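As C-alpha cells, the structure follows; a few thoughts come after it.
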Number of protein chains: 2
Amino acid sequence: MTTLRQLEYLVAVVDEGSFTRAAELLHVTQPALSHQIRALEQSTGGFLLERLPRSVRLTPMGRAMLPHARAALADAGRARTAARQVAHLEQGELRLATLYSVSLGVLPQLSKRGGRNTATGSRSGCSSIATPTSWRPP
Amino acid sequence: MTTLRQLEYLVAVVDEGSFTRAAELLHVTQPALSHQIRALEQSTGGFLLERLPRSVRLTPMGRAMLPHARAALADAGRARTAARQVAHLEQGELRLATLYSVSLGVLPQLSKRGGRNTATGSRSGCSSIATPTSWRPP
DNA sequence: ATCGGTTACGCTATCCGTAATAATA
DNA sequence: TATTATTACGGATAGCGTAACCGAT
C-alpha cells in the first residue's frame with residue numbers, strides 16, 4: 001500500500017535534487033529514504049527516479065505521479081489544519097460572567113448537554129466552562 | 001503523523017455509518033479500525049466522530065476534515081494509476097512487422113538505445129521487441 | 001580517495017487479530 | 001440479552017539507524 005510518507009519522500013527528493021539533501025531535510029538517514037523510495041517504486045511497478053552520478057531526475061512515470069503526490073500531501077495537510085481550526089473554535093474557553101444566583105440554575109443544564117465540561121471559579125462572580133465537545137448555544 | 005490509512009478508515013466509517021460495517025468492508029477487525037480512528041483523533045486533538053448508540057455521526061471537526069480526507073485519498077489513487085498508465089505505455093510490447101532483410105539492419109540499432117530489449121520471432125516475418133525502459137521513437 | 005546511493009542487519013515501534021470488558025437499548 | 005465500541009495483550013510486520021558495500025568522479 002502506498003503511504004503518505006512515501007509520497008512525501010518522493011517530493012522531497014525531487015525538490016532537493018538529491019537523496020542526501022532530502023534525507024537531512026526530512027531528518028532521516030539516507031538508507032531509510034532510499035528504502036521508502038524503493039518501496040514506492042516496487043508498489044508502482046517501475047522506476048520513478050533516474051539516479052544520475054551528480055543529480056536525480058524524474059522518469060516519465062515519476063513525472064506522471066508527482067503532481068498527484070503533491071496534491072495528496074496538500075490535502076492531507078489541509079485535513080489536519082481544517083480540523084485543528086475547528087478544534088480551536090470549540091475547545092476555546094467559553095467564559096460566562098453571571099450572578100451566582102442565576103448560574104445556580106443555568107450551569108447544571110449546560111453540564112448535562114456538553115459532555116465533559118469543567119466549571120471553575122467561585123461565588124465571587126466569574127465562572128468558566130471548557131467545552132471540548134460540540135456544544136452550541138441553543 | 002497522519003497516514004492515508006487513517007483517512008481511509010475515517011471515510012469508510014462515515015460512509016457506512018458504523019464501525020462494524022466499515023471494518024468488514026475494509027477487511028479488518030473492529031478493534032483495529034477503532035484504534036486507527038483513535039490515533040487520528042489524538043493526532044488531531046479532538047473527537048471526529050460522535051459515537052451514538054445506533055449510529056455514528058461526524059462532529060464539526062470531522063465534518064471539516066472529511067472532504068480533505070476524501071481529496072487526499074483520491075489524489076493518492078490518481079498518483080498510483082497515473083504512474084501505472086505510463087508504466088503500461090512504456091513496458092507494453094512494441095510489435096514490429098518487417099521483412100527479415102530490413103529488420104536485419106534496423107533491430108540492432110534499436111537494441112542499442114532501449115536498454116534491456118528482447119527480440120522474439122523468426123525469419124518467417126514477425127518480430128516483437130519489449131521495451132521496459134523509457135525509449136521513444138526518434 | 002571522495003562523494004552519493006544501495007544493501008545487510010539488528011532493534012524498536014507500530015499494527016493487527018483474539019479475547020475480555022463496558023455501555024446502551 | 002443483544003449489539004456495538006473500547007481495552008488488553010501476544011505475535012507479526014514494517015521502519016529506522018549503524019555499518020559495510022558499490023560505482024563513479
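Chain labels A, B, ... are given in the sequence in which chains occur in the C-alpha cells; within each chain residues are numbered consecutively from 1, and ligands are likewise numbered from 1 in the order shown.
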Give the residues of chain B that lie within 9 Å of chain D; count only C-alpha atoms (C1' of nucleotides), and format the answer as a PDB file with N, CA and C atoms, in the first residue's frame.
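That gives us result18.pdb:
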```pdb
ATOM      1  N   SER B  18     -21.155   3.191  10.535  1.00  0.00           N
ATOM      2  CA  SER B  18     -20.964   2.205  11.604  1.00  0.00           C
ATOM      3  C   SER B  18     -19.543   1.674  11.571  1.00  0.00           C
ATOM      4  N   PHE B  19     -18.961   1.498  12.733  1.00  0.00           N
ATOM      5  CA  PHE B  19     -17.624   0.911  12.826  1.00  0.00           C
ATOM      6  C   PHE B  19     -17.637  -0.529  12.318  1.00  0.00           C
ATOM      7  N   THR B  20     -18.666  -1.253  12.718  1.00  0.00           N
ATOM      8  CA  THR B  20     -18.739  -2.669  12.364  1.00  0.00           C
ATOM      9  C   THR B  20     -18.750  -2.879  10.853  1.00  0.00           C
ATOM     10  N   GLN B  30     -12.825  -4.922  14.022  1.00  0.00           N
ATOM     11  CA  GLN B  30     -13.329  -3.710  14.641  1.00  0.00           C
ATOM     12  C   GLN B  30     -12.285  -3.015  15.529  1.00  0.00           C
ATOM     13  N   PRO B  31     -11.570  -3.743  16.381  1.00  0.00           N
ATOM     14  CA  PRO B  31     -10.577  -3.077  17.222  1.00  0.00           C
ATOM     15  C   PRO B  31      -9.505  -2.349  16.424  1.00  0.00           C
ATOM     16  N   SER B  34     -11.028   0.803  15.188  1.00  0.00           N
ATOM     17  CA  SER B  34     -11.235   1.710  16.317  1.00  0.00           C
ATOM     18  C   SER B  34      -9.928   2.382  16.736  1.00  0.00           C
ATOM     19  N   HIS B  35      -8.886   1.576  16.748  1.00  0.00           N
ATOM     20  CA  HIS B  35      -7.602   2.106  17.186  1.00  0.00           C
ATOM     21  C   HIS B  35      -7.071   3.161  16.220  1.00  0.00           C
ATOM     22  N   ARG B  51     -20.036   8.898  18.742  1.00  0.00           N
ATOM     23  CA  ARG B  51     -20.482   7.507  18.812  1.00  0.00           C
ATOM     24  C   ARG B  51     -21.870   7.470  19.434  1.00  0.00           C
ATOM     25  N   PRO B  53     -25.559   5.433  20.067  1.00  0.00           N
ATOM     26  CA  PRO B  53     -25.901   4.023  20.308  1.00  0.00           C
ATOM     27  C   PRO B  53     -26.229   3.268  19.034  1.00  0.00           C
ATOM     28  N   ARG B  54     -26.905   3.914  18.114  1.00  0.00           N
ATOM     29  CA  ARG B  54     -27.336   3.181  16.921  1.00  0.00           C
ATOM     30  C   ARG B  54     -26.625   3.596  15.637  1.00  0.00           C
TER      31      ARG B  54
END
```
Contact check, chain A to chain B, at most 6 Å, counting only C-alpha atoms, closest pairs as a tab-separated table:
```
residue	atom	partner	partner_atom	distance
A:Thr3	CA	B:Leu4	CA	6.0
A:Leu4	CA	B:Leu4	CA	5.8
A:Met61	CA	B:Ala83	CA	4.9
A:Ala64	CA	B:Ala83	CA	5.6
A:Met65	CA	B:Ala79	CA	4.7
A:His68	CA	B:Ala79	CA	4.9
A:Ala69	CA	B:Ala79	CA	5.9
A:Ala72	CA	B:Ala72	CA	4.3
A:Asp75	CA	B:Ala72	CA	4.9
A:Ala76	CA	B:Ala72	CA	5.6
A:Ala79	CA	B:Met65	CA	4.6
A:Ala82	CA	B:Ala64	CA	5.8
A:Ala83	CA	B:Met61	CA	4.8
A:Val86	CA	B:Met61	CA	5.5
```
Distance filter 12 Å, only C-alpha atoms (C1' of nucleotides), chain C against chain B, as number ranges by chain: C: 14-19, 23-25
I need the residues from that last selection saved to file as a compact mmCIF listing (two decimals), in the first residue's frame (with N, CA and C atoms (P, O5', C5', C4', C3', O3' and C1' of nucleotides)), if you can.
```
# COMPACT_ATOMS: atom_id res chain seq x y z
P DT C 14 5.37 3.99 17.87
O5' DT C 14 4.39 3.48 16.71
C5' DT C 14 4.91 3.39 15.41
C4' DT C 14 4.21 2.28 14.65
C3' DT C 14 2.68 2.25 14.85
O3' DT C 14 2.07 2.41 13.59
C1' DT C 14 3.61 0.08 15.03
P DC C 15 0.50 2.59 13.51
O5' DC C 15 -0.03 1.14 13.13
C5' DC C 15 0.60 0.43 12.06
C4' DC C 15 -0.03 -0.95 11.96
C3' DC C 15 -1.52 -0.97 12.30
O3' DC C 15 -2.24 -1.68 11.30
C1' DC C 15 -0.36 -2.55 13.61
P DC C 16 -3.85 -1.74 11.38
O5' DC C 16 -4.19 -3.29 11.40
C5' DC C 16 -3.36 -4.20 10.68
C4' DC C 16 -3.44 -5.57 11.33
C3' DC C 16 -4.86 -5.97 11.72
O3' DC C 16 -5.26 -7.15 11.06
C1' DC C 16 -3.32 -6.32 13.52
P DG C 17 -6.79 -7.61 11.12
O5' DG C 17 -6.81 -8.81 12.17
C5' DG C 17 -5.86 -9.87 12.03
C4' DG C 17 -5.92 -10.78 13.24
C3' DG C 17 -7.34 -11.16 13.68
O3' DG C 17 -7.39 -12.53 14.05
C1' DG C 17 -6.22 -10.06 15.45
P DT C 18 -8.80 -13.20 14.42
O5' DT C 18 -8.69 -13.55 15.98
C5' DT C 18 -7.58 -14.32 16.44
C4' DT C 18 -7.59 -14.39 17.96
C3' DT C 18 -8.95 -14.75 18.58
O3' DT C 18 -8.76 -15.74 19.58
C1' DT C 18 -8.15 -12.73 19.52
P DA C 19 -10.06 -16.29 20.38
O5' DA C 19 -10.08 -15.41 21.71
C5' DA C 19 -8.87 -15.27 22.48
C4' DA C 19 -9.12 -14.38 23.67
C3' DA C 19 -10.48 -14.60 24.36
O3' DA C 19 -10.31 -14.64 25.77
C1' DA C 19 -10.20 -12.32 23.82
P DA C 23 -18.92 1.34 31.76
O5' DA C 23 -19.97 1.64 30.60
C5' DA C 23 -19.51 2.19 29.37
C4' DA C 23 -20.62 2.19 28.35
C3' DA C 23 -22.00 2.54 28.94
O3' DA C 23 -22.65 3.45 28.07
C1' DA C 23 -22.12 0.52 27.75
P DT C 24 -23.84 4.38 28.61
O5' DT C 24 -24.98 4.16 27.52
C5' DT C 24 -24.61 3.99 26.14
C4' DT C 24 -25.65 3.15 25.42
C3' DT C 24 -27.08 3.34 25.93
O3' DT C 24 -27.93 3.65 24.84
C1' DT C 24 -26.57 1.06 25.72
P DA C 25 -29.40 4.20 25.09
O5' DA C 25 -30.33 3.03 24.60
C5' DA C 25 -30.77 3.03 23.24
C4' DA C 25 -31.12 1.62 22.79
C3' DA C 25 -32.59 1.23 23.01
O3' DA C 25 -33.09 0.60 21.86
C1' DA C 25 -31.17 -0.36 24.02
```
Interatomic distance, atom CA of A:Arg57 to atom CA of A:Asp15 (Å, one decimal): 10.1 Å
Atom CA of B:Ser55 to atom CA of B:Gln42, distance in Å rounded to a single decimal: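 The value is 21.4 Å.
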Separation of atom C1' of C:DA20 from atom CA of B:Ala22 in Å: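 Between atom CA of B:Ala22 and atom C1' of C:DA20 the gap works out to 22.4 Å.
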